[in-house]
>>> print(open('entry.cif').read())   # mmCIF, C-alpha atoms and all ligand atoms
data_target
loop_
_atom_site.label_atom_id
_atom_site.label_comp_id
_atom_site.auth_asym_id
_atom_site.auth_seq_id
_atom_site.Cartn_x
_atom_site.Cartn_y
_atom_site.Cartn_z
CA MET A 1146 48.77 15.19 69.22
CA THR A 1147 45.34 16.23 67.92
CA SER A 1148 44.46 19.95 68.06
CA SER A 1149 42.53 19.70 71.37
CA ALA A 1150 45.31 17.76 73.10
CA ARG A 1151 48.05 19.81 74.71
CA LEU A 1152 51.25 18.11 75.84
CA VAL A 1153 52.81 20.31 78.54
CA ALA A 1154 55.77 18.16 79.55
CA ARG A 1155 57.45 14.89 78.74
CA VAL A 1156 59.54 13.65 81.69
CA PRO A 1157 61.85 10.76 80.87
CA ILE A 1158 62.61 8.06 83.40
CA ASN A 1159 65.94 6.46 82.57
CA LEU A 1160 66.09 2.77 83.41
CA GLY A 1161 68.07 1.29 80.51
CA SER A 1162 65.90 -1.08 78.52
CA ARG A 1163 62.96 -0.29 80.84
CA SER A 1164 63.10 3.50 80.24
CA TYR A 1165 59.87 5.33 79.47
CA ASP A 1166 58.26 8.77 79.35
CA ILE A 1167 55.73 10.42 81.63
CA LEU A 1168 53.42 12.56 79.48
CA ILE A 1169 51.74 15.48 81.26
CA GLY A 1170 49.09 17.62 79.60
CA SER A 1171 45.42 18.08 78.85
CA GLY A 1172 43.13 16.25 76.45
CA LEU A 1173 45.71 13.45 76.26
CA ILE A 1174 43.29 10.57 76.96
CA ASP A 1175 41.15 11.32 73.90
CA ALA A 1176 43.98 11.80 71.43
CA PRO A 1177 44.79 8.63 69.43
CA SER A 1178 48.30 10.07 68.92
CA THR A 1179 48.97 9.68 72.67
CA TRP A 1180 48.84 5.92 72.19
CA ALA A 1181 50.33 5.62 68.70
CA ASP A 1182 53.79 4.47 69.80
CA LEU A 1183 52.52 1.56 71.91
CA PRO A 1184 53.05 -1.99 70.67
CA GLN A 1185 50.34 -3.94 68.89
CA ALA A 1186 48.55 -6.38 71.18
CA THR A 1187 46.34 -9.41 70.76
CA THR A 1188 43.96 -7.93 73.34
CA ALA A 1189 43.96 -4.65 75.23
CA ALA A 1190 42.19 -4.34 78.57
CA ILE A 1191 41.33 -1.13 80.39
CA VAL A 1192 41.45 -1.89 84.11
CA THR A 1193 39.56 0.76 86.06
CA ASP A 1194 37.23 1.18 89.03
CA GLY A 1195 33.52 1.82 89.56
CA ASN A 1196 33.99 5.58 90.04
CA VAL A 1197 36.36 6.19 87.15
CA ALA A 1198 34.72 3.90 84.57
CA PRO A 1199 31.64 6.08 83.92
CA LEU A 1200 33.80 9.21 83.69
CA TYR A 1201 36.74 8.19 81.51
CA ALA A 1202 36.68 4.54 80.36
CA GLY A 1203 34.45 5.26 77.34
CA ARG A 1204 36.73 8.08 76.22
CA LEU A 1205 39.88 6.00 76.55
CA LYS A 1206 38.15 3.13 74.77
CA ALA A 1207 37.22 5.39 71.87
CA ALA A 1208 40.81 6.63 71.52
CA LEU A 1209 42.22 3.09 71.61
CA SER A 1210 39.61 1.28 69.53
CA THR A 1211 41.16 1.66 66.07
CA ARG A 1212 44.56 0.53 67.35
CA TYR A 1213 43.20 -2.34 69.47
CA PRO A 1214 40.10 -3.93 67.85
CA LYS A 1215 39.89 -6.47 70.69
CA LEU A 1216 39.45 -4.16 73.67
CA MET A 1217 37.79 -4.99 76.98
CA VAL A 1218 37.04 -3.02 80.15
CA ILE A 1219 37.62 -4.65 83.54
CA GLU A 1220 35.86 -2.73 86.30
CA LEU A 1221 37.07 -3.20 89.87
CA PRO A 1222 35.36 -2.10 93.08
CA ALA A 1223 36.78 1.31 94.12
CA GLY A 1224 38.89 1.98 97.16
CA GLU A 1225 41.78 0.86 99.34
CA ALA A 1226 39.65 -1.81 101.06
CA HIS A 1227 39.64 -3.71 97.73
CA LYS A 1228 43.41 -3.61 97.16
CA ASP A 1229 43.66 -7.33 97.79
CA TRP A 1230 44.01 -10.82 96.31
CA GLY A 1231 40.31 -11.10 95.52
CA THR A 1232 40.52 -8.07 93.24
CA VAL A 1233 43.73 -9.24 91.56
CA ASN A 1234 42.10 -12.62 90.98
CA SER A 1235 39.10 -10.97 89.33
CA ILE A 1236 41.51 -9.45 86.78
CA PHE A 1237 43.06 -12.88 86.13
CA ASP A 1238 39.55 -14.36 85.75
CA ALA A 1239 38.66 -11.73 83.14
CA LEU A 1240 41.93 -12.10 81.22
CA LEU A 1241 41.91 -15.91 81.21
CA GLY A 1242 38.18 -16.00 80.50
CA SER A 1243 38.77 -13.93 77.36
CA GLY A 1244 41.71 -16.03 76.22
CA CYS A 1245 44.29 -13.26 76.70
CA ASP A 1246 47.84 -14.37 75.91
CA ARG A 1247 51.25 -12.92 76.72
CA LYS A 1248 50.83 -10.21 74.09
CA ALA A 1249 47.87 -8.69 75.94
CA LEU A 1250 48.32 -5.08 77.07
CA LEU A 1251 46.73 -3.55 80.19
CA PHE A 1252 45.81 0.10 80.71
CA ALA A 1253 45.53 1.05 84.40
CA LEU A 1254 42.98 3.88 84.34
CA GLY A 1255 42.38 5.33 87.80
CA GLY A 1256 44.03 6.27 91.07
CA GLY A 1257 46.85 4.60 92.93
CA VAL A 1258 44.74 1.62 93.94
CA VAL A 1259 43.89 0.72 90.33
CA GLY A 1260 47.50 1.43 89.29
CA ASP A 1261 49.01 -0.76 92.01
CA VAL A 1262 46.52 -3.62 91.54
CA ALA A 1263 46.55 -3.62 87.73
CA GLY A 1264 50.34 -3.25 87.70
CA PHE A 1265 50.67 -6.21 90.06
CA ALA A 1266 48.30 -8.27 87.90
CA ALA A 1267 50.41 -7.35 84.85
CA ALA A 1268 53.58 -8.39 86.70
CA CYS A 1269 52.10 -11.82 87.50
CA TYR A 1270 49.87 -12.73 84.54
CA MET A 1271 51.67 -15.38 82.49
CA ARG A 1272 54.84 -14.26 84.35
CA GLY A 1273 54.54 -10.68 83.13
CA ILE A 1274 52.73 -8.70 80.46
CA ALA A 1275 53.04 -5.06 79.41
CA TYR A 1276 50.94 -2.26 80.89
CA VAL A 1277 50.44 1.48 80.69
CA GLN A 1278 49.63 3.80 83.60
CA VAL A 1279 46.83 6.32 83.00
CA PRO A 1280 46.57 8.00 86.43
CA THR A 1281 43.44 10.02 87.21
CA THR A 1282 44.12 11.20 90.77
CA LEU A 1283 46.65 13.83 91.77
CA LEU A 1284 48.34 11.29 94.02
CA ALA A 1285 48.74 8.83 91.16
CA GLN A 1286 49.96 11.48 88.70
CA VAL A 1287 52.69 12.73 91.04
CA ASP A 1288 53.73 9.46 92.59
CA SER A 1289 52.09 6.04 92.39
CA ALA A 1290 51.92 5.69 88.59
CA VAL A 1291 55.64 6.44 88.28
CA GLY A 1292 58.47 4.09 89.17
CA GLY A 1293 57.07 0.60 88.76
CA LYS A 1294 56.16 -0.30 92.34
CA THR A 1295 53.02 -2.47 92.31
CA ALA A 1296 51.36 -4.10 95.31
CA ILE A 1297 48.34 -5.24 97.23
CA ASN A 1298 47.72 -5.08 100.98
CA HIS A 1299 47.81 -7.92 103.49
CA ALA A 1300 45.77 -7.89 106.70
CA LEU A 1301 49.08 -7.61 108.57
CA GLY A 1302 50.53 -4.78 106.53
CA LYS A 1303 50.17 -2.24 103.76
CA ASN A 1304 51.61 -3.05 100.28
CA MET A 1305 53.25 -6.21 101.64
CA ILE A 1306 52.69 -8.34 98.54
CA GLY A 1307 53.98 -6.88 95.30
CA ALA A 1308 56.53 -6.62 92.52
CA PHE A 1309 58.64 -4.10 90.66
CA HIS A 1310 57.18 -3.90 87.15
CA GLN A 1311 57.72 -0.79 85.05
CA PRO A 1312 54.95 0.46 82.74
CA LEU A 1313 55.56 1.19 79.06
CA LYS A 1314 54.51 4.79 79.58
CA VAL A 1315 52.60 7.05 81.98
CA VAL A 1316 49.93 9.42 80.65
CA ALA A 1317 48.86 12.08 83.18
CA ASP A 1318 45.89 13.95 81.74
CA ILE A 1319 45.38 16.91 84.06
CA ASP A 1320 41.77 17.40 82.87
CA THR A 1321 40.76 14.25 84.75
CA LEU A 1322 41.52 15.97 88.06
CA CYS A 1323 38.48 18.26 87.63
CA SER A 1324 36.13 15.50 88.82
CA LEU A 1325 38.22 14.61 91.87
CA PRO A 1326 36.56 15.09 95.28
CA LYS A 1327 38.27 17.82 97.39
CA ARG A 1328 39.38 15.30 100.01
CA GLU A 1329 41.25 13.35 97.29
CA VAL A 1330 42.91 16.54 96.01
CA ALA A 1331 44.26 17.21 99.51
CA ALA A 1332 45.43 13.60 99.79
CA GLY A 1333 47.33 13.97 96.51
CA LEU A 1334 48.97 17.17 97.75
CA ALA A 1335 50.56 15.17 100.58
CA GLU A 1336 52.76 13.35 98.06
CA VAL A 1337 53.58 16.64 96.26
CA ILE A 1338 54.57 18.25 99.55
CA LYS A 1339 56.72 15.20 100.35
CA TYR A 1340 59.19 15.98 97.54
CA ALA A 1341 60.08 19.39 99.00
CA PRO A 1342 61.65 18.42 102.34
CA ILE A 1343 63.40 15.36 100.92
CA ALA A 1344 64.77 16.81 97.68
CA ASP A 1345 63.96 20.44 96.86
CA ALA A 1346 63.83 23.14 99.55
CA GLY A 1347 62.84 25.71 96.90
CA LEU A 1348 59.65 23.74 96.33
CA LEU A 1349 58.60 24.61 99.90
CA ASP A 1350 58.61 28.34 98.99
CA TRP A 1351 56.65 27.57 95.82
CA LEU A 1352 54.10 25.49 97.74
CA GLU A 1353 53.60 28.24 100.33
CA ALA A 1354 52.81 30.63 97.48
CA HIS A 1355 50.64 28.27 95.41
CA LEU A 1356 48.75 26.05 97.87
CA GLY A 1357 45.53 28.00 97.30
CA ALA A 1358 45.86 27.69 93.53
CA LEU A 1359 46.50 23.95 93.80
CA LEU A 1360 43.47 23.42 96.01
CA ALA A 1361 41.41 25.40 93.49
CA LEU A 1362 42.73 23.08 90.73
CA ASP A 1363 44.41 25.91 88.81
CA ALA A 1364 45.74 24.19 85.69
CA THR A 1365 49.09 26.00 85.56
CA ALA A 1366 49.82 25.35 89.23
CA LEU A 1367 48.86 21.68 88.84
CA GLN A 1368 51.06 21.26 85.77
CA THR A 1369 54.04 22.76 87.59
CA ALA A 1370 53.47 20.59 90.67
CA ILE A 1371 53.02 17.40 88.66
CA GLN A 1372 56.02 18.05 86.44
CA ARG A 1373 58.36 18.91 89.35
CA SER A 1374 57.15 15.90 91.35
CA CYS A 1375 57.69 13.56 88.40
CA GLU A 1376 61.15 15.02 87.70
CA ILE A 1377 62.21 14.39 91.29
CA LYS A 1378 60.72 10.91 91.36
CA ALA A 1379 62.25 10.01 87.98
CA SER A 1380 65.66 11.14 89.16
CA VAL A 1381 65.48 9.14 92.41
CA VAL A 1382 64.07 5.99 90.78
CA GLY A 1383 66.54 6.29 87.87
CA GLY A 1384 69.35 5.97 90.44
CA ASP A 1385 67.87 3.12 92.49
CA GLU A 1386 65.05 1.28 90.71
CA ARG A 1387 64.63 -1.51 93.27
CA GLU A 1388 65.16 0.50 96.45
CA GLN A 1389 68.53 -0.87 97.44
CA GLY A 1390 69.25 2.50 99.08
CA PRO A 1391 68.39 6.09 98.06
CA ARG A 1392 64.85 5.35 96.76
CA ALA A 1393 63.79 4.83 100.38
CA ILE A 1394 63.67 8.63 100.86
CA LEU A 1395 60.45 8.61 98.80
CA ASN A 1396 58.89 6.91 101.82
CA PHE A 1397 59.30 9.99 104.03
CA GLY A 1398 56.40 9.93 106.50
CA HIS A 1399 55.23 6.53 105.22
CA THR A 1400 56.42 4.37 108.14
CA PHE A 1401 54.16 6.32 110.49
CA GLY A 1402 51.52 6.69 107.75
CA HIS A 1403 51.31 2.98 106.93
CA ALA A 1404 50.92 2.22 110.67
CA ILE A 1405 47.96 4.61 110.76
CA GLU A 1406 46.38 3.02 107.68
CA THR A 1407 46.83 -0.56 108.88
CA GLY A 1408 46.00 0.28 112.51
CA LEU A 1409 42.69 1.90 111.61
CA GLY A 1410 41.87 -0.64 108.87
CA HIS A 1411 42.58 0.09 105.21
CA GLY A 1412 40.34 2.80 103.78
CA HIS A 1413 39.47 4.75 106.96
CA TRP A 1414 42.08 7.42 106.42
CA LEU A 1415 43.12 8.04 102.83
CA HIS A 1416 46.71 7.12 102.04
CA GLY A 1417 47.63 10.77 101.47
CA GLU A 1418 46.06 11.80 104.78
CA ALA A 1419 48.09 9.19 106.64
CA VAL A 1420 51.26 10.28 104.80
CA GLY A 1421 50.57 13.95 105.60
CA CYS A 1422 50.29 13.18 109.31
CA GLY A 1423 53.23 10.75 109.05
CA MET A 1424 55.42 13.54 107.64
CA VAL A 1425 54.61 15.71 110.67
CA MET A 1426 55.78 12.83 112.89
CA ALA A 1427 58.91 12.15 110.78
CA ALA A 1428 59.85 15.84 110.83
CA ASP A 1429 59.42 15.93 114.62
CA LEU A 1430 61.60 12.82 114.83
CA SER A 1431 64.26 14.65 112.81
CA VAL A 1432 64.10 17.56 115.29
CA ARG A 1433 64.45 15.21 118.26
CA LEU A 1434 67.51 13.63 116.61
CA GLY A 1435 69.07 17.11 116.30
CA LEU A 1436 69.01 17.03 112.48
CA ILE A 1437 66.73 20.01 111.74
CA GLU A 1438 65.45 23.05 113.62
CA SER A 1439 61.97 22.94 115.12
CA ALA A 1440 61.14 26.02 113.00
CA ASP A 1441 61.67 23.87 109.87
CA SER A 1442 59.40 21.15 111.21
CA LEU A 1443 56.70 23.71 112.11
CA ARG A 1444 56.96 25.24 108.63
CA LEU A 1445 56.33 21.85 107.04
CA LYS A 1446 53.45 21.21 109.46
CA ARG A 1447 51.83 24.54 108.45
CA ILE A 1448 51.96 23.59 104.77
CA ILE A 1449 50.48 20.14 105.49
CA ALA A 1450 47.69 21.68 107.57
CA GLY A 1451 47.17 24.34 104.88
CA ALA A 1452 46.53 21.58 102.37
CA GLY A 1453 43.66 20.41 104.57
CA LEU A 1454 45.45 17.30 105.82
CA PRO A 1455 45.37 15.94 109.37
CA VAL A 1456 48.47 16.74 111.44
CA ARG A 1457 47.59 14.66 114.52
CA GLY A 1458 47.54 10.88 114.42
CA PRO A 1459 44.70 8.69 115.71
CA SER A 1460 44.93 7.31 119.25
CA LEU A 1461 46.19 3.80 118.54
CA GLY A 1462 48.59 3.96 121.51
CA ALA A 1463 52.36 4.12 121.15
CA ASP A 1464 52.79 0.35 121.64
CA ARG A 1465 50.42 -0.45 118.78
CA TYR A 1466 52.14 2.08 116.49
CA LEU A 1467 55.50 0.46 117.33
CA GLU A 1468 54.15 -3.03 116.72
CA LEU A 1469 52.78 -1.99 113.32
CA MET A 1470 55.96 -0.17 112.34
CA ARG A 1471 58.13 -3.22 113.00
CA MET A 1472 56.34 -4.73 109.97
CA ASP A 1473 57.58 -1.89 107.75
CA LYS A 1474 59.53 -3.00 104.67
CA LYS A 1475 62.52 -0.87 105.71
CA ALA A 1476 62.81 -2.72 109.06
CA GLU A 1477 65.81 -5.03 109.29
CA GLY A 1478 65.84 -7.92 111.75
CA GLY A 1479 62.96 -6.30 113.68
CA ALA A 1480 64.84 -2.96 114.05
CA MET A 1481 62.87 -0.01 112.73
CA ARG A 1482 64.45 2.39 110.26
CA PHE A 1483 63.02 5.80 109.45
CA VAL A 1484 63.40 8.31 106.67
CA VAL A 1485 64.54 11.48 108.43
CA LEU A 1486 65.35 14.99 107.24
CA GLU A 1487 69.03 15.90 107.38
CA GLY A 1488 68.22 19.49 106.46
CA LEU A 1489 65.43 21.02 104.36
CA GLY A 1490 65.71 19.37 100.95
CA ARG A 1491 67.87 16.48 102.15
CA ALA A 1492 66.85 13.09 103.59
CA GLY A 1493 68.45 9.87 104.79
CA VAL A 1494 67.50 6.63 106.53
CA ARG A 1495 68.40 5.91 110.16
CA ALA A 1496 67.72 3.29 112.83
CA VAL A 1497 66.06 5.04 115.78
CA PRO A 1498 65.61 3.80 119.39
CA ASP A 1499 62.01 2.85 120.27
CA GLN A 1500 61.94 5.37 123.11
CA ILE A 1501 62.38 8.37 120.79
CA VAL A 1502 59.79 7.02 118.35
CA ALA A 1503 57.33 6.56 121.24
CA GLU A 1504 57.92 10.19 122.30
CA VAL A 1505 57.16 11.36 118.76
CA ILE A 1506 53.93 9.36 118.68
CA GLU A 1507 52.79 10.61 122.08
CA ALA A 1508 53.48 14.22 121.11
CA ASN A 1509 51.71 13.98 117.75
CA SER A 1510 48.70 11.72 118.21
CA ALA A 1511 45.36 12.01 119.96
CA ALA A 1512 45.30 10.92 123.61
P1 LIG B 1601 42.41 5.65 94.89
O1 LIG B 1601 42.98 4.91 93.78
O2 LIG B 1601 41.61 4.92 95.90
O3 LIG B 1601 41.56 6.85 94.31
C1 LIG B 1601 40.89 7.71 95.19
C2 LIG B 1601 39.39 7.76 94.89
O4 LIG B 1601 39.18 8.63 93.79
C3 LIG B 1601 38.75 6.44 94.50
O5 LIG B 1601 37.46 6.39 95.07
C4 LIG B 1601 38.64 6.53 92.98
O6 LIG B 1601 37.61 5.75 92.47
C5 LIG B 1601 38.40 7.99 92.78
N1 LIG B 1601 38.85 8.58 91.53
C6 LIG B 1601 39.98 8.32 90.85
N2 LIG B 1601 40.13 9.17 89.85
C7 LIG B 1601 39.05 10.00 89.86
C8 LIG B 1601 38.66 11.10 89.09
N3 LIG B 1601 39.42 11.59 88.12
N4 LIG B 1601 37.48 11.70 89.38
C9 LIG B 1601 36.70 11.25 90.41
N5 LIG B 1601 37.05 10.23 91.21
C10 LIG B 1601 38.23 9.61 90.93
O7 LIG B 1601 43.55 6.39 95.76
P2 LIG B 1601 44.84 7.23 95.38
O8 LIG B 1601 44.95 8.27 96.42
O9 LIG B 1601 44.88 7.61 93.96
O10 LIG B 1601 46.02 6.16 95.55
C11 LIG B 1601 46.32 5.64 96.82
C12 LIG B 1601 47.04 4.33 96.65
O11 LIG B 1601 48.28 4.55 95.97
C13 LIG B 1601 47.38 3.65 97.95
O12 LIG B 1601 46.99 2.31 97.89
C14 LIG B 1601 48.89 3.76 98.03
O13 LIG B 1601 49.47 2.70 98.73
C15 LIG B 1601 49.27 3.76 96.60
N6 LIG B 1601 50.58 4.36 96.32
C16 LIG B 1601 51.44 3.66 95.55
C17 LIG B 1601 52.66 4.21 95.22
C18 LIG B 1601 53.60 3.48 94.31
O14 LIG B 1601 54.75 3.91 94.15
N7 LIG B 1601 53.16 2.41 93.67
C19 LIG B 1601 53.01 5.50 95.69
C20 LIG B 1601 52.10 6.19 96.47
C21 LIG B 1601 50.86 5.61 96.79
N1 LIG B 1602 56.22 5.86 96.65
C1 LIG B 1602 57.51 5.35 97.01
C2 LIG B 1602 58.28 4.80 95.87
O1 LIG B 1602 57.82 4.78 94.75
O2 LIG B 1602 59.37 4.35 96.06
#
>>> encode(input="entry.cif", output="C-alpha cells", more="lines below")
Ligand code: NAD
Ligand code: GLY
Amino acid sequence: MTSSARLVARVPINLGSRSYDILIGSGLIDAPSTWADLPQATTAAIVTDGNVAPLYAGRLKAALSTRYPKLMVIELPAGEAHKDWGTVNSIFDALLGSGCDRKALLFALGGGVVGDVAGFAAACYMRGIAYVQVPTTLLAQVDSAVGGKTAINHALGKNMIGAFHQPLKVVADIDTLCSLPKREVAAGLAEVIKYAPIADAGLLDWLEAHLGALLALDATALQTAIQRSCEIKASVVGGDEREQGPRAILNFGHTFGHAIETGLGHGHWLHGEAVGCGMVMAADLSVRLGLIESADSLRLKRIIAGAGLPVRGPSLGADRYLELMRMDKKAEGGAMRFVVLEGLGRAGVRAVPDQIVAEVIEANSAA
C-alpha cells in the first residue's frame, strides 16, 4: 500500500480455486499496490456508470495505467431501469469493437447495478473472462460485490437472467461512500441490517447503538459494518456457493422486496428500500408462523425505520403480490418458499400457505 492508502481489513472468501479476498479500507482505489497482484491482461476495461465515472473512473484509470497500457472506460447509463440486455450488449459492443480477447480483464466500478451487469457480461463474453469488483455504494460493499451472483432483470422478474461468476478480488474503498446520496446510504443499510436477524443477534445491539453514526458516514462505524457484513456473507457463500441450500438465507426479505420492485417497475423503489420493507413483512410472517416473538419483529422494524427505510409496502393488492412472488427463484413447482426467522440470529426456508402470506401483505402494505 502507498502511504495514503489504509487497508483496514482483508476478508477471505474460501471457494477452492475460486477463492479471493475482499479488501476494505480507504485510499485503496488510488494505490497501484492494491492492483499489483492481478494478472496481466491484453486489455483492461473499467465498466462504470454515468454518475460514478466523473467521480472515480479517472482515479482508478490513473492507478491502473502503468500495469495495463491498453485501458478503456465503458460508461453505462445509471440505475436499475438499465439493468437489462441492452446494457449488457453495449458492453459486448465495446469489447468486441476494441478487439478484446479472452485475456481481457474487467473492473466493475460502481454500485450493485454496475457490478451485476459487468459481472454478467464477464461471465458471458467469450464464455467467461476475469473481472474485479470495485464497489462504490454501501449496498455493493456489504453485499452485491461479494459472492459471485451476477444478473440482469427481465420484465417478468428481478435478476431472472444471470450466472454465478466469482471476481478475482473485491476492493471496497470506504472513501467513495462520501459522495453517496443519503437515500442510497439508507438503502445500503438495509442489507447490513439483514445480516443481524439471519446470522448475528449481537449485530442488532450494535446497530441500535451505531445507526446514527452509520447514517452520518462515520468511518469507523462504516468499516465495522462493512467488515462484519462481508465476514458473514463470506462464511455463508463459502459453504454454499451456488445456493443449493443455506445461501438462500441471504435473501431474507427479498421475496417480498423483489415483488415490490417488479410490481412498481424497476427503479421506483431502490432495491434496499424494497428489501427493508420486505424484511418487515418476512419478520411478521415468522411471528405468524409462531417462530419468533412479536417483540423481536417490532425491534427489527424499529431499526429499519430508524435507518430511514420504508416499513409499509405499496398498495399492489395481495393477489398481485402473490402472483409476482410465484416467480421468485426459490419457488418450486409454483409453491412459494420464504426465508423466515427461526429466532433472532437464525434463519431457514419454509413453504408457506398463500392465506398466511396474504395476511402479512394486508397487514403491512398501504390500503
Ligand atoms: P446502483 O448500482 O443503482 O447505485 C445506486 C446509485 O448510486 C446509482 O445512481 C449510482 O450511479 C450511484 N452511485 C454509485 N456509487 C456512487 C458514489 N460513490 N457516489 C455517488 N453516487 C454513486 O444501486 P445499488 O444499491 O448499489 O445496487 C442495487 C443492485 O444490486 C440491485 O440491482 C440489486 O438487485 C443488486 N444486488 C445484487 C446482489 C448480488 O449478490 N449480486 C446483492 C444485493 C443486491
Ligand atoms: N444477495 C444474496 C446472495 O448473494 O446470495
>>> atom_distance(input="entry.cif", atom1="atom CA of A:Thr1295", atom2="atom CA of A:Ser1171")
25.7 Å
>>> residues_around(input="entry.cif", residues="A:Asn1509", least_positions_apart="2", cutoff="10 Å", atoms="only C-alpha atoms", output="list of chain:residue names")
A:Cys1422, A:Gly1423, A:Val1425, A:Met1426, A:Asp1429, A:Val1456, A:Arg1457, A:Gly1458, A:Pro1459, A:Ser1460, A:Ala1503, A:Glu1504, A:Val1505, A:Ile1506, A:Glu1507, A:Ala1511, A:Ala1512
>>> closest_residue(input="entry.cif", among="A:Cys1323, A:Ala1154, A:Ala1226, A:Ile1371", to="A:Val1291", atoms="only C-alpha atoms")
A:Ile1371
>>> atom_distance(input="entry.cif", atom1="atom CA of A:Glu1406", atom2="atom CA of A:Leu1200")
27.8 Å
>>> atom_distance(input="entry.cif", atom1="atom CA of A:Ile1297", atom2="atom CA of A:Val1497")
27.6 Å
>>> closest_residue(input="entry.cif", among="A:His1416, A:Arg1151, A:Arg1482, A:Lys1446", to="ligand LIG 1602 (chain B)", atoms="all atoms listed in the file")
A:His1416
>>> closest_residue(input="entry.cif", among="A:Ala1249, A:Ala1358, A:Ala1300, A:Ala1308", to="A:Lys1228", atoms="all atoms listed in the file")
A:Ala1300
>>> residues_near_ligand(input="entry.cif", ligand="ligand LIG 1601 (chain B)", cutoff="8 Å", atoms="all atoms listed in the file", output="number ranges by chain")
A: 1194-1197, 1200-1201, 1223-1225, 1228, 1255-1261, 1280-1285, 1288-1297, 1303-1304, 1321-1326, 1329, 1332-1333, 1336, 1415-1417
>>> closest_residue(input="entry.cif", among="A:Val1287, A:Ile1191, A:Met1470, A:Val1502", to="A:Ile1167", atoms="only C-alpha atoms")
A:Val1287
>>> closest_residue(input="entry.cif", among="A:Leu1489, A:Ile1449, A:Cys1375, A:Leu1409", to="ligand LIG 1602 (chain B)", atoms="all atoms listed in the file")
A:Cys1375
>>> closest_residue(input="entry.cif", among="A:Asn1396, A:Thr1365, A:Thr1187, A:Ser1439", to="A:Gly1493", atoms="all atoms listed in the file")
A:Asn1396
>>> decode(input="entry.cif", residues="stretch 1357-1382 of chain A", atoms="C-alpha atoms", output="mmCIF file, in the first residue's frame")
data_model
loop_
_atom_site.group_PDB
_atom_site.id
_atom_site.type_symbol
_atom_site.label_atom_id
_atom_site.label_comp_id
_atom_site.auth_asym_id
_atom_site.auth_seq_id
_atom_site.Cartn_x
_atom_site.Cartn_y
_atom_site.Cartn_z
ATOM 1 C CA GLY A 1357 -26.768 7.428 13.836
ATOM 2 C CA ALA A 1358 -23.039 7.097 13.225
ATOM 3 C CA LEU A 1359 -23.645 4.987 10.116
ATOM 4 C CA LEU A 1360 -26.118 7.490 8.696
ATOM 5 C CA ALA A 1361 -23.565 10.234 9.364
ATOM 6 C CA LEU A 1362 -20.972 8.158 7.436
ATOM 7 C CA ASP A 1363 -18.652 7.825 10.434
ATOM 8 C CA ALA A 1364 -15.630 5.994 9.014
ATOM 9 C CA THR A 1365 -15.069 3.666 11.985
ATOM 10 C CA ALA A 1366 -18.718 2.638 12.138
ATOM 11 C CA LEU A 1367 -18.785 2.044 8.378
ATOM 12 C CA GLN A 1368 -15.622 -0.067 8.488
ATOM 13 C CA THR A 1369 -17.054 -2.228 11.269
ATOM 14 C CA ALA A 1370 -20.376 -2.664 9.459
ATOM 15 C CA ILE A 1371 -18.747 -3.491 6.124
ATOM 16 C CA GLN A 1372 -16.250 -5.912 7.639
ATOM 17 C CA ARG A 1373 -18.874 -7.781 9.720
ATOM 18 C CA SER A 1374 -21.261 -7.944 6.751
ATOM 19 C CA CYS A 1375 -18.533 -9.311 4.473
ATOM 20 C CA GLU A 1376 -17.438 -11.860 7.095
ATOM 21 C CA ILE A 1377 -20.986 -13.180 7.395
ATOM 22 C CA LYS A 1378 -21.526 -13.226 3.642
ATOM 23 C CA ALA A 1379 -18.149 -14.899 3.020
ATOM 24 C CA SER A 1380 -18.950 -17.592 5.550
ATOM 25 C CA VAL A 1381 -22.401 -18.327 4.069
ATOM 26 C CA VAL A 1382 -21.208 -18.269 0.440
#
